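Structure data (mmCIF, C-alpha atoms) from structure09.cif:
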data_start
loop_
_atom_site.label_atom_id
_atom_site.label_comp_id
_atom_site.auth_asym_id
_atom_site.auth_seq_id
_atom_site.Cartn_x
_atom_site.Cartn_y
_atom_site.Cartn_z
CA MET V 1 37.19 17.98 8.17
CA ALA V 2 35.32 15.80 5.69
CA ASN V 3 31.54 15.86 5.78
CA ASN V 4 30.42 12.41 6.89
CA PHE V 5 26.71 13.14 7.05
CA PHE V 6 24.53 11.57 4.38
CA VAL V 7 20.89 12.03 3.49
CA ALA V 8 19.20 8.84 2.32
CA PRO V 9 15.65 7.47 2.11
CA SER V 10 14.33 5.26 4.91
CA PRO V 11 14.50 2.68 6.28
CA HIS V 12 17.81 3.44 8.01
CA LEU V 13 18.89 -0.01 9.13
CA HIS V 14 22.28 -1.59 9.74
CA SER V 15 22.20 -5.30 9.10
CA ALA V 16 24.18 -8.12 7.58
CA MET V 17 21.33 -8.55 5.10
CA SER V 18 21.59 -6.76 1.78
CA THR V 19 18.85 -5.66 -0.58
CA ARG V 20 19.86 -8.46 -2.93
CA SER V 21 19.67 -11.14 -0.22
CA ILE V 22 16.26 -9.90 0.94
CA MET V 23 14.87 -9.88 -2.59
CA ARG V 24 16.34 -13.32 -3.24
CA ASP V 25 14.54 -14.66 -0.19
CA VAL V 26 11.26 -13.14 -1.38
CA LEU V 27 11.69 -14.82 -4.76
CA ILE V 28 12.38 -18.15 -3.07
CA ALA V 29 9.29 -17.71 -0.86
CA LEU V 30 7.13 -17.15 -3.95
CA LEU V 31 8.34 -20.27 -5.78
CA PRO V 32 5.96 -22.77 -4.08
CA ALA V 33 2.93 -20.68 -5.07
CA LEU V 34 4.30 -20.33 -8.61
CA ALA V 35 4.72 -24.10 -8.86
CA VAL V 36 1.16 -24.72 -7.64
CA SER V 37 -0.22 -22.13 -10.07
CA ALA V 38 1.65 -23.76 -12.97
CA ALA V 39 0.28 -27.16 -11.99
CA VAL V 40 -3.26 -25.75 -11.79
CA PHE V 41 -3.38 -23.54 -14.89
CA GLY V 42 -0.67 -24.97 -17.11
CA LEU V 43 2.68 -23.88 -18.46
CA ASN V 44 1.31 -20.53 -19.64
CA VAL V 45 1.73 -19.43 -16.02
CA LEU V 46 5.50 -19.66 -16.41
CA LEU V 47 5.34 -17.67 -19.64
CA VAL V 48 3.36 -14.86 -18.01
CA ALA V 49 5.75 -14.82 -15.05
CA ALA V 50 8.83 -14.82 -17.29
CA VAL V 51 7.53 -11.99 -19.49
CA SER V 52 6.61 -9.93 -16.44
CA VAL V 53 9.97 -10.39 -14.72
CA LEU V 54 12.03 -9.79 -17.86
CA SER V 55 9.96 -6.71 -18.78
CA CYS V 56 10.38 -5.20 -15.32
CA VAL V 57 14.13 -5.82 -15.36
CA LEU V 58 14.46 -4.34 -18.86
CA PHE V 59 12.39 -1.24 -18.06
CA GLU V 60 14.36 -0.62 -14.86
CA PHE V 61 17.64 -0.95 -16.74
CA LEU V 62 16.53 1.46 -19.48
CA ALA V 63 14.99 3.94 -17.03
CA GLN V 64 18.09 3.91 -14.83
CA LYS V 65 20.36 4.43 -17.82
CA TYR V 66 18.41 7.12 -19.67
CA LEU V 67 16.30 8.83 -16.98
CA LEU V 68 17.87 8.59 -13.53
CA GLY V 69 21.46 7.98 -14.39
CA GLY V 70 23.81 6.55 -11.80
CA PRO V 71 24.66 2.88 -11.24
CA CYS V 72 22.42 0.15 -12.60
CA THR V 73 20.22 -1.36 -9.87
CA VAL V 74 18.77 -4.41 -11.60
CA GLY V 75 21.34 -6.56 -9.82
CA ASN V 76 19.61 -6.07 -6.46
CA LEU V 77 16.69 -8.22 -7.77
CA SER V 78 14.02 -5.69 -6.71
CA ALA V 79 12.77 -5.40 -10.30
CA ALA V 80 12.55 -9.19 -10.52
CA VAL V 81 10.46 -9.28 -7.33
CA THR V 82 8.17 -6.56 -8.72
CA GLY V 83 7.79 -8.54 -11.93
CA LEU V 84 6.90 -11.78 -10.17
CA LEU V 85 4.45 -10.05 -7.81
CA LEU V 86 2.83 -8.32 -10.80
CA ALA V 87 2.48 -11.69 -12.52
CA PHE V 88 0.87 -13.10 -9.37
CA ASN V 89 -1.82 -10.42 -9.71
CA LEU V 90 -2.67 -11.38 -13.31
CA PRO V 91 -4.75 -14.21 -14.80
CA SER V 92 -2.73 -16.79 -16.72
CA SER V 93 -4.83 -16.16 -19.83
CA ILE V 94 -3.98 -12.45 -20.08
CA PRO V 95 -2.43 -11.32 -23.41
CA LEU V 96 1.32 -10.99 -23.07
CA TRP V 97 1.37 -7.44 -24.43
CA LEU V 98 -0.73 -6.39 -21.45
CA VAL V 99 1.84 -7.95 -19.14
CA VAL V 100 4.47 -5.70 -20.75
CA VAL V 101 2.21 -2.65 -20.30
CA GLY V 102 1.70 -3.49 -16.65
CA ALA V 103 5.44 -3.92 -16.15
CA PHE V 104 6.10 -0.51 -17.70
CA VAL V 105 3.56 1.19 -15.42
CA ALA V 106 4.86 -0.65 -12.35
CA ILE V 107 8.54 0.17 -12.89
CA VAL V 108 8.62 3.49 -14.72
CA ILE V 109 5.58 5.17 -13.18
CA GLY V 110 5.26 3.37 -9.87
CA LYS V 111 8.96 3.24 -9.00
CA ILE V 112 11.43 5.18 -11.16
CA THR V 113 9.28 8.34 -11.33
CA PHE V 114 9.71 8.71 -7.56
CA GLY V 115 13.45 8.15 -7.64
CA GLY V 116 13.84 4.38 -7.53
CA LEU V 117 14.00 1.75 -4.81
CA GLY V 118 13.22 3.06 -1.33
CA LYS V 119 11.63 6.28 -2.55
CA ASN V 120 8.40 4.99 -4.08
CA PRO V 121 5.37 5.67 -1.84
CA PHE V 122 3.20 2.98 -3.48
CA ASN V 123 3.84 -0.69 -4.10
CA PRO V 124 4.95 -0.76 -7.77
CA ALA V 125 3.41 -4.14 -8.59
CA LEU V 126 0.03 -2.98 -7.29
CA VAL V 127 0.30 0.26 -9.28
CA GLY V 128 0.69 -1.86 -12.42
CA ARG V 129 -2.10 -4.21 -11.40
CA VAL V 130 -4.64 -1.49 -10.62
CA PHE V 131 -3.78 0.36 -13.85
CA LEU V 132 -4.50 -2.79 -15.85
CA LEU V 133 -7.66 -3.53 -13.87
CA ILE V 134 -9.10 -0.07 -14.54
CA SER V 135 -7.90 0.17 -18.15
CA TYR V 136 -8.56 -3.43 -19.28
CA PRO V 137 -11.25 -4.81 -16.93
CA VAL V 138 -12.39 -7.61 -19.25
CA GLN V 139 -8.94 -9.12 -19.70
CA MET V 140 -8.14 -8.67 -16.01
CA THR V 141 -11.34 -10.32 -14.76
CA THR V 142 -11.47 -13.26 -17.16
CA PHE V 143 -10.01 -16.11 -15.16
CA PRO V 144 -9.32 -19.59 -16.54
CA LYS V 145 -10.64 -22.54 -14.58
CA ALA V 146 -8.22 -25.08 -13.21
CA LEU V 147 -7.13 -27.74 -15.65
CA ASP V 148 -8.90 -31.04 -15.18
CA ASN V 149 -6.08 -33.50 -15.82
CA SER V 150 -5.32 -31.75 -19.11
CA TRP V 151 -2.64 -29.31 -20.16
CA LEU V 152 -4.46 -28.42 -23.37
CA ASP V 153 -7.39 -26.21 -22.52
CA ALA V 154 -8.97 -23.96 -19.90
CA PHE V 155 -12.31 -22.25 -19.63
CA SER V 156 -13.36 -18.88 -18.24
CA GLY V 157 -14.81 -19.03 -14.77
CA ALA V 158 -15.82 -16.78 -11.88
CA THR V 159 -13.60 -16.60 -8.81
CA PRO V 160 -14.96 -17.78 -5.44
CA LEU V 161 -15.19 -14.16 -4.26
CA ALA V 162 -17.37 -13.26 -7.24
CA VAL V 163 -19.57 -16.32 -6.73
CA VAL V 164 -20.14 -15.75 -3.03
CA LYS V 165 -20.60 -12.02 -3.46
CA GLY V 166 -23.28 -12.65 -6.05
CA ALA V 167 -25.02 -15.54 -4.32
CA ASP V 168 -24.58 -14.44 -0.68
CA ASN V 169 -23.95 -18.00 0.46
CA LEU V 170 -21.16 -20.48 0.96
CA ALA V 171 -22.87 -23.55 -0.51
CA SER V 172 -20.59 -23.73 -3.54
CA VAL V 173 -17.33 -23.20 -1.65
CA ASP V 174 -14.82 -26.05 -1.33
CA PHE V 175 -12.25 -24.92 1.23
CA LEU V 176 -9.83 -27.74 0.46
CA GLN V 177 -9.75 -26.79 -3.22
CA MET V 178 -9.27 -23.12 -2.31
CA ALA V 179 -6.36 -23.94 -0.03
CA GLY V 180 -4.80 -26.25 -2.61
CA GLY V 181 -5.28 -24.00 -5.62
CA ASN V 182 -7.89 -25.85 -7.69
CA ILE V 183 -9.99 -22.70 -8.32
CA PRO V 184 -10.21 -19.89 -10.90
CA GLY V 185 -8.22 -16.76 -10.11
CA SER V 186 -5.01 -14.86 -10.62
CA LEU V 187 -1.70 -16.68 -10.40
CA GLY V 188 -1.13 -15.74 -6.75
CA GLU V 189 -4.73 -16.18 -5.57
CA VAL V 190 -5.01 -19.92 -5.96
CA ALA V 191 -2.53 -21.38 -3.50
CA ALA V 192 -3.17 -20.22 0.06
CA ALA V 193 -1.25 -23.14 1.55
CA ALA V 194 1.80 -22.44 -0.66
CA LEU V 195 1.70 -18.74 0.24
CA LEU V 196 1.65 -19.65 3.94
CA LEU V 197 4.69 -21.83 3.34
CA GLY V 198 6.42 -18.79 1.84
CA PHE V 199 5.34 -16.75 4.87
CA LEU V 200 6.99 -19.22 7.24
CA TYR V 201 10.16 -19.10 5.16
CA LEU V 202 10.30 -15.29 5.32
CA LEU V 203 9.74 -15.38 9.08
CA TRP V 204 12.51 -17.95 9.46
CA ARG V 205 14.85 -15.79 7.39
CA LYS V 206 13.79 -12.71 9.41
CA VAL V 207 12.96 -10.85 6.19
CA ILE V 208 9.57 -9.79 7.59
CA THR V 209 7.84 -9.88 10.97
CA TRP V 210 4.43 -11.32 11.75
CA HIS V 211 2.81 -8.02 12.73
CA ILE V 212 1.41 -6.82 9.38
CA PRO V 213 0.30 -10.17 7.87
CA VAL V 214 -1.32 -11.46 11.05
CA THR V 215 -3.02 -8.13 11.80
CA VAL V 216 -4.36 -7.77 8.26
CA LEU V 217 -5.78 -11.30 8.22
CA GLY V 218 -7.02 -11.04 11.82
CA THR V 219 -8.84 -7.79 11.05
CA MET V 220 -10.45 -9.32 7.98
CA ALA V 221 -11.55 -12.40 9.94
CA LEU V 222 -13.04 -10.30 12.76
CA PHE V 223 -14.83 -8.05 10.25
CA ALA V 224 -16.27 -11.08 8.43
CA PHE V 225 -17.37 -12.68 11.72
CA VAL V 226 -19.19 -9.53 12.85
CA TYR V 227 -20.83 -9.19 9.42
CA ALA V 228 -21.95 -12.83 9.44
CA ALA V 229 -23.41 -12.46 12.94
CA ALA V 230 -25.08 -9.13 12.18
CA THR V 231 -26.73 -10.41 9.01
CA GLY V 232 -28.11 -13.54 10.66
CA MET V 233 -26.02 -16.16 8.87
CA PRO V 234 -26.32 -19.76 10.16
CA SER V 235 -24.09 -20.72 13.06
CA ALA V 236 -21.78 -22.75 10.80
CA ALA V 237 -21.12 -19.66 8.70
CA LEU V 238 -19.76 -17.80 11.73
CA TRP V 239 -16.46 -19.62 11.23
CA GLN V 240 -16.81 -20.53 7.55
CA TYR V 241 -17.33 -16.96 6.37
CA PRO V 242 -14.17 -15.53 8.03
CA LEU V 243 -12.14 -18.53 6.81
CA PHE V 244 -13.48 -18.03 3.30
CA HIS V 245 -12.32 -14.42 3.17
CA LEU V 246 -8.86 -15.38 4.40
CA VAL V 247 -8.22 -18.00 1.70
CA ALA V 248 -10.14 -16.32 -1.14
CA GLY V 249 -8.76 -13.74 -3.54
CA GLY V 250 -5.55 -11.87 -2.83
CA ALA V 251 -5.79 -11.83 0.97
CA MET V 252 -2.78 -14.06 1.61
CA LEU V 253 -0.70 -12.64 -1.23
CA GLY V 254 -1.39 -9.04 -0.25
CA ALA V 255 -0.96 -9.47 3.49
CA ILE V 256 2.26 -11.49 3.30
CA PHE V 257 4.13 -10.23 0.26
CA MET V 258 2.80 -6.77 -0.64
CA ALA V 259 1.72 -5.01 2.55
CA THR V 260 5.10 -5.87 4.10
CA ASP V 261 7.11 -3.98 1.47
CA TYR V 262 9.79 -2.03 3.36
CA SER V 263 9.50 1.15 1.32
CA THR V 264 5.73 1.48 1.56
CA SER V 265 4.96 0.36 5.13
CA PRO V 266 5.43 2.16 8.49
CA MET V 267 8.72 2.11 10.35
CA THR V 268 7.39 1.23 13.83
CA VAL V 269 5.52 -1.80 15.12
CA LYS V 270 2.63 0.33 16.40
CA GLY V 271 2.43 2.12 13.06
CA ALA V 272 2.53 -1.21 11.23
CA VAL V 273 -0.43 -2.49 13.26
CA ILE V 274 -2.47 0.65 12.48
CA PHE V 275 -1.48 0.31 8.82
CA ALA V 276 -2.53 -3.37 8.77
CA VAL V 277 -5.86 -2.75 10.51
CA GLY V 278 -6.66 -0.12 7.89
CA ILE V 279 -5.87 -2.58 5.09
CA GLY V 280 -8.12 -5.24 6.62
CA ILE V 281 -11.07 -2.89 7.12
CA ILE V 282 -10.85 -1.32 3.65
CA THR V 283 -10.45 -4.72 1.99
CA MET V 284 -13.58 -6.09 3.64
CA ALA V 285 -15.57 -2.91 2.96
CA ILE V 286 -14.77 -3.15 -0.75
CA ARG V 287 -15.45 -6.89 -0.85
CA LEU V 288 -18.84 -6.56 0.82
CA TRP V 289 -20.14 -3.27 -0.54
CA GLY V 290 -17.86 -2.19 -3.38
CA ALA V 291 -18.12 -2.62 -7.13
CA TYR V 292 -15.22 -5.12 -7.21
CA PRO V 293 -15.32 -8.51 -5.48
CA GLU V 294 -11.66 -8.03 -4.44
CA GLY V 295 -10.35 -5.04 -2.50
CA MET V 296 -6.87 -5.96 -1.27
CA SER V 297 -4.95 -4.05 -3.95
CA PHE V 298 -6.94 -0.85 -3.45
CA ALA V 299 -6.70 -1.17 0.34
CA ILE V 300 -2.91 -1.49 0.31
CA LEU V 301 -2.48 1.47 -2.05
CA ILE V 302 -4.80 3.63 0.06
CA MET V 303 -2.89 2.78 3.22
CA ASN V 304 0.43 3.30 1.40
CA ALA V 305 -0.69 6.92 0.98
CA CYS V 306 -1.26 7.10 4.75
CA VAL V 307 2.21 5.84 5.69
CA PRO V 308 3.87 9.30 5.86
CA LEU V 309 1.11 10.46 8.22
CA ILE V 310 1.46 7.32 10.35
CA ASN V 311 5.23 7.75 10.52
CA LYS V 312 4.80 11.39 11.53
CA TYR V 313 2.54 10.75 14.51
CA ILE V 314 3.59 7.25 15.56
CA LYS V 315 7.19 7.55 16.63
CA PRO V 316 9.24 5.79 19.30
CA ARG V 317 10.10 7.92 22.33
CA ARG V 318 13.44 9.61 21.83
CA PHE V 319 16.21 8.56 24.18
CA GLY V 320 16.36 10.83 27.20
CA VAL V 321 12.93 12.40 26.63
CA LYS V 322 10.33 11.98 29.39
CA LYS V 323 6.83 10.82 28.52
#

Can you dump the structure from the file as structure tokens?
Amino acid sequence: MANNFFVAPSPHLHSAMSTRSIMRDVLIALLPALAVSAAVFGLNVLLVAAVSVLSCVLFEFLAQKYLLGGPCTVGNLSAAVTGLLLAFNLPSSIPLWLVVVGAFVAIVIGKITFGGLGKNPFNPALVGRVFLLISYPVQMTTFPKALDNSWLDAFSGATPLAVVKGADNLASVDFLQMAGGNIPGSLGEVAAAALLLGFLYLLWRKVITWHIPVTVLGTMALFAFVYAAATGMPSAALWQYPLFHLVAGGAMLGAIFMATDYSTSPMTVKGAVIFAVGIGIITMAIRLWGAYPEGMSFAILIMNACVPLINKYIKPRRFGVKK
């Protein structure tokens, strides 16, 4: 009798959706934010995104051919998604050679080293982003301001998170500009409304569920509300401060597109909620008391490391087993 048992990495799902179709939907969901970022910062955004995507695809092809062996996997579009998400975590003014370095770290170290798609414990794009942030902090924290009706020039400016963290007030915050993208920041930090549009598309396509994004953002909002109340902020700030932390920095990008990665998030709904609460708490702790104004990337990577433990202890009841 032939052996029909196979050992494969999770998730073990049977669905009409393929890896390629899922990744294609993620790319489509990211396009509105890419368009807004290009309109805000100029055409260099498209160059950074193109270099990142092409570098990730090339490194995956070479690593698959010369390190892992087996069939080429670049056709499933996962490397392209990693490249675009990495680009969304970079400023548009970053030198292109650093984009290539980040792509190498993301694909070869963050993904291929662990065996490829489905086996990586950490989100590859965030591995590349954090490596660049620690190794090249100046280039990674120099953000161009939005273009003022000009495609010719841009100037270095602090992000809203850095401004509010330093000034401890919300006087200089324009929520409409933050939602629309007219602020300094990384490519994927400047278009909260466009990211929400992508979120609705992914929900409609059933690529992700609402549990992780809503729980991450809800935890952050509750944390910010309690902090505002405990520190005696004015009554208006009790709603402004939570809203600010939801639309500022990488909150939307991380909660919607990076924390929901199949390979690096828990398998059960209960586990996903615990995972998301941890991301929200760690993000706010770093934002309020850490050395960096943004904490989403570190929070997701820390909770990625906790996923095996969550999966071990948070399991659905086996069929036929009494409580």

Against range 297-313 of chain V, which residues of range 56-114 of chain V fall within 12 Å? For each one I want the closest pair of atoms and the distance in Å (one decimal), counting all atoms listed in the file, rows by chain and increasing residue number, as JSON lines.
{"residue": "V:Leu85", "atom": "CA", "partner": "V:Ser297", "partner_atom": "CA", "distance": 11.8}
{"residue": "V:Leu86", "atom": "CA", "partner": "V:Ser297", "partner_atom": "CA", "distance": 11.2}
{"residue": "V:Asn89", "atom": "CA", "partner": "V:Ser297", "partner_atom": "CA", "distance": 9.1}
{"residue": "V:Gly110", "atom": "CA", "partner": "V:Leu301", "partner_atom": "CA", "distance": 11.2}

Identify, on the basis of all atoms listed in the file, every residue whose closest approach to Ser263 in chain V does not exceed 6 Å; exclude the query and any residue fewer than 2 positions from it along the same chain; express the result as a list in words. Gly118, Asp261 and Ser265 of chain V

List, as a PyMOL selection string, every residue that the PyMOL selection byres ((chain V and resi 80) around 8) selects in the file provided. chain V and resi 53-54+56-57+74+77-79+81-84

I need the residue nearest Leu197 in chain V from this list: V:Gln240, V:Met17, V:Ala29, V:Pro213. Use all atoms listed in the file for the distance. V:Ala29

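Taking CA of Val247 in chain V as the reference point, CA of Val226 in chain V is found at 17.8 Å.
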
Do a neighbour search on Lys111 in chain V at 12 Å with only C-alpha atoms, toss out local chain neighbours closer than 2 positions, and write the hits as a PyMOL selection string. chain V and resi 56+59-60+63-64+68+78-79+82+103-109+113-128+263-264

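Among the candidate residues V:Ala251, V:Ile28, V:Leu196, V:Val99, the one lying nearest to Met284 in chain V is V:Ala251, with distances computed using only C-alpha atoms.
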
Find the residue from V:Ser18, V:Thr141, V:Ser92, V:Ser37 that sits nearest to Asn76 in chain V; use all atoms listed in the file when measuring. V:Ser18

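Comparing V:Leu98, V:Leu202, V:Leu187, V:Ala285 by their smallest distance to Ser21 in chain V, the closest is V:Leu202 (using all atoms listed in the file).
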
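Residue nearest Leu90 in chain V within the list V:Gly250, V:Ala228, V:Gly218, V:Ala194: V:Gly250 [criterion: smallest interatomic distance, all atoms listed in the file].
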
The PyMOL selection byres ((chain V and resi 272) around 12) applied to the shown file, residues as a PyMOL selection string: chain V and resi 208-216+255+259-262+264-271+273-279+303-304+306-308+310-311+314-315

Restricting the calculation to all atoms listed in the file, which member of V:Ala229, V:Gln139, V:Leu132, V:Ala50 is positioned closest to Ile94 in chain V? V:Gln139

Residues selected by the PyMOL selection byres ((chain V and resi 286) around 12), written as a VMD selection string: chain V and resid 161 165 220 279 to 285 287 to 299

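Separating CA of Thr19 in chain V from CA of Phe199 in chain V is a distance of 18.3 Å.
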
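Put simply, CA of Gly249 in chain V is 26.0 Å away from CA of Lys206 in chain V.
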
What would range 16-36 of chain V look like with N, CA, C and O atoms in place, written as a PDB file, in the coordinates of the input?
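What follows is the written file rebuild-v6.pdb:
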ATOM      1  N   ALA V  16      23.363  -7.294   8.465  1.00  0.00           N
ATOM      2  CA  ALA V  16      24.180  -8.120   7.580  1.00  0.00           C
ATOM      3  C   ALA V  16      23.443  -8.434   6.284  1.00  0.00           C
ATOM      4  O   ALA V  16      24.056  -8.810   5.291  1.00  0.00           O
ATOM      5  N   MET V  17      22.122  -8.290   6.301  1.00  0.00           N
ATOM      6  CA  MET V  17      21.330  -8.550   5.100  1.00  0.00           C
ATOM      7  C   MET V  17      21.503  -7.406   4.112  1.00  0.00           C
ATOM      8  O   MET V  17      21.563  -6.237   4.493  1.00  0.00           O
ATOM      9  N   SER V  18      21.541  -7.750   2.849  1.00  0.00           N
ATOM     10  CA  SER V  18      21.590  -6.760   1.780  1.00  0.00           C
ATOM     11  C   SER V  18      20.268  -6.744   1.043  1.00  0.00           C
ATOM     12  O   SER V  18      19.435  -7.655   1.207  1.00  0.00           O
ATOM     13  N   THR V  19      20.076  -5.713   0.224  1.00  0.00           N
ATOM     14  CA  THR V  19      18.850  -5.660  -0.580  1.00  0.00           C
ATOM     15  C   THR V  19      18.751  -6.893  -1.466  1.00  0.00           C
ATOM     16  O   THR V  19      17.679  -7.487  -1.607  1.00  0.00           O
ATOM     17  N   ARG V  20      19.863  -7.293  -2.041  1.00  0.00           N
ATOM     18  CA  ARG V  20      19.860  -8.460  -2.930  1.00  0.00           C
ATOM     19  C   ARG V  20      19.465  -9.729  -2.175  1.00  0.00           C
ATOM     20  O   ARG V  20      18.663 -10.526  -2.675  1.00  0.00           O
ATOM     21  N   SER V  21      19.997  -9.925  -0.979  1.00  0.00           N
ATOM     22  CA  SER V  21      19.670 -11.140  -0.220  1.00  0.00           C
ATOM     23  C   SER V  21      18.209 -11.155   0.196  1.00  0.00           C
ATOM     24  O   SER V  21      17.556 -12.207   0.193  1.00  0.00           O
ATOM     25  N   ILE V  22      17.676  -9.990   0.560  1.00  0.00           N
ATOM     26  CA  ILE V  22      16.260  -9.900   0.940  1.00  0.00           C
ATOM     27  C   ILE V  22      15.369 -10.234  -0.259  1.00  0.00           C
ATOM     28  O   ILE V  22      14.418 -11.024  -0.152  1.00  0.00           O
ATOM     29  N   MET V  23      15.671  -9.630  -1.404  1.00  0.00           N
ATOM     30  CA  MET V  23      14.870  -9.880  -2.590  1.00  0.00           C
ATOM     31  C   MET V  23      14.991 -11.335  -3.049  1.00  0.00           C
ATOM     32  O   MET V  23      14.025 -11.927  -3.525  1.00  0.00           O
ATOM     33  N   ARG V  24      16.171 -11.907  -2.886  1.00  0.00           N
ATOM     34  CA  ARG V  24      16.340 -13.320  -3.240  1.00  0.00           C
ATOM     35  C   ARG V  24      15.459 -14.204  -2.371  1.00  0.00           C
ATOM     36  O   ARG V  24      14.830 -15.159  -2.859  1.00  0.00           O
ATOM     37  N   ASP V  25      15.392 -13.880  -1.075  1.00  0.00           N
ATOM     38  CA  ASP V  25      14.540 -14.660  -0.190  1.00  0.00           C
ATOM     39  C   ASP V  25      13.064 -14.527  -0.554  1.00  0.00           C
ATOM     40  O   ASP V  25      12.300 -15.497  -0.456  1.00  0.00           O
ATOM     41  N   VAL V  26      12.650 -13.329  -0.962  1.00  0.00           N
ATOM     42  CA  VAL V  26      11.260 -13.140  -1.380  1.00  0.00           C
ATOM     43  C   VAL V  26      10.962 -13.977  -2.614  1.00  0.00           C
ATOM     44  O   VAL V  26       9.904 -14.616  -2.712  1.00  0.00           O
ATOM     45  N   LEU V  27      11.878 -14.000  -3.562  1.00  0.00           N
ATOM     46  CA  LEU V  27      11.690 -14.820  -4.760  1.00  0.00           C
ATOM     47  C   LEU V  27      11.574 -16.295  -4.402  1.00  0.00           C
ATOM     48  O   LEU V  27      10.716 -17.013  -4.932  1.00  0.00           O
ATOM     49  N   ILE V  28      12.434 -16.748  -3.501  1.00  0.00           N
ATOM     50  CA  ILE V  28      12.380 -18.150  -3.070  1.00  0.00           C
ATOM     51  C   ILE V  28      11.036 -18.444  -2.402  1.00  0.00           C
ATOM     52  O   ILE V  28      10.421 -19.498  -2.628  1.00  0.00           O
ATOM     53  N   ALA V  29      10.562 -17.512  -1.572  1.00  0.00           N
ATOM     54  CA  ALA V  29       9.290 -17.710  -0.860  1.00  0.00           C
ATOM     55  C   ALA V  29       8.108 -17.775  -1.813  1.00  0.00           C
ATOM     56  O   ALA V  29       7.082 -18.398  -1.498  1.00  0.00           O
ATOM     57  N   LEU V  30       8.225 -17.154  -2.979  1.00  0.00           N
ATOM     58  CA  LEU V  30       7.130 -17.150  -3.950  1.00  0.00           C
ATOM     59  C   LEU V  30       7.129 -18.392  -4.845  1.00  0.00           C
ATOM     60  O   LEU V  30       6.126 -18.669  -5.517  1.00  0.00           O
ATOM     61  N   LEU V  31       8.221 -19.130  -4.869  1.00  0.00           N
ATOM     62  CA  LEU V  31       8.340 -20.270  -5.780  1.00  0.00           C
ATOM     63  C   LEU V  31       7.295 -21.370  -5.531  1.00  0.00           C
ATOM     64  O   LEU V  31       6.757 -21.935  -6.495  1.00  0.00           O
ATOM     65  N   PRO V  32       6.988 -21.741  -4.267  1.00  0.00           N
ATOM     66  CA  PRO V  32       5.960 -22.770  -4.080  1.00  0.00           C
ATOM     67  C   PRO V  32       4.608 -22.383  -4.689  1.00  0.00           C
ATOM     68  O   PRO V  32       3.946 -23.214  -5.324  1.00  0.00           O
ATOM     69  N   ALA V  33       4.203 -21.126  -4.496  1.00  0.00           N
ATOM     70  CA  ALA V  33       2.930 -20.680  -5.070  1.00  0.00           C
ATOM     71  C   ALA V  33       2.997 -20.669  -6.597  1.00  0.00           C
ATOM     72  O   ALA V  33       2.008 -20.991  -7.274  1.00  0.00           O
ATOM     73  N   LEU V  34       4.147 -20.310  -7.160  1.00  0.00           N
ATOM     74  CA  LEU V  34       4.300 -20.330  -8.610  1.00  0.00           C
ATOM     75  C   LEU V  34       4.187 -21.755  -9.147  1.00  0.00           C
ATOM     76  O   LEU V  34       3.549 -21.997 -10.180  1.00  0.00           O
ATOM     77  N   ALA V  35       4.778 -22.702  -8.439  1.00  0.00           N
ATOM     78  CA  ALA V  35       4.720 -24.100  -8.860  1.00  0.00           C
ATOM     79  C   ALA V  35       3.285 -24.623  -8.810  1.00  0.00           C
ATOM     80  O   ALA V  35       2.832 -25.317  -9.738  1.00  0.00           O
ATOM     81  N   VAL V  36       2.548 -24.290  -7.746  1.00  0.00           N
ATOM     82  CA  VAL V  36       1.160 -24.720  -7.640  1.00  0.00           C
ATOM     83  C   VAL V  36       0.322 -24.102  -8.757  1.00  0.00           C
ATOM     84  O   VAL V  36      -0.503 -24.772  -9.391  1.00  0.00           O
TER      85      VAL V  36
END
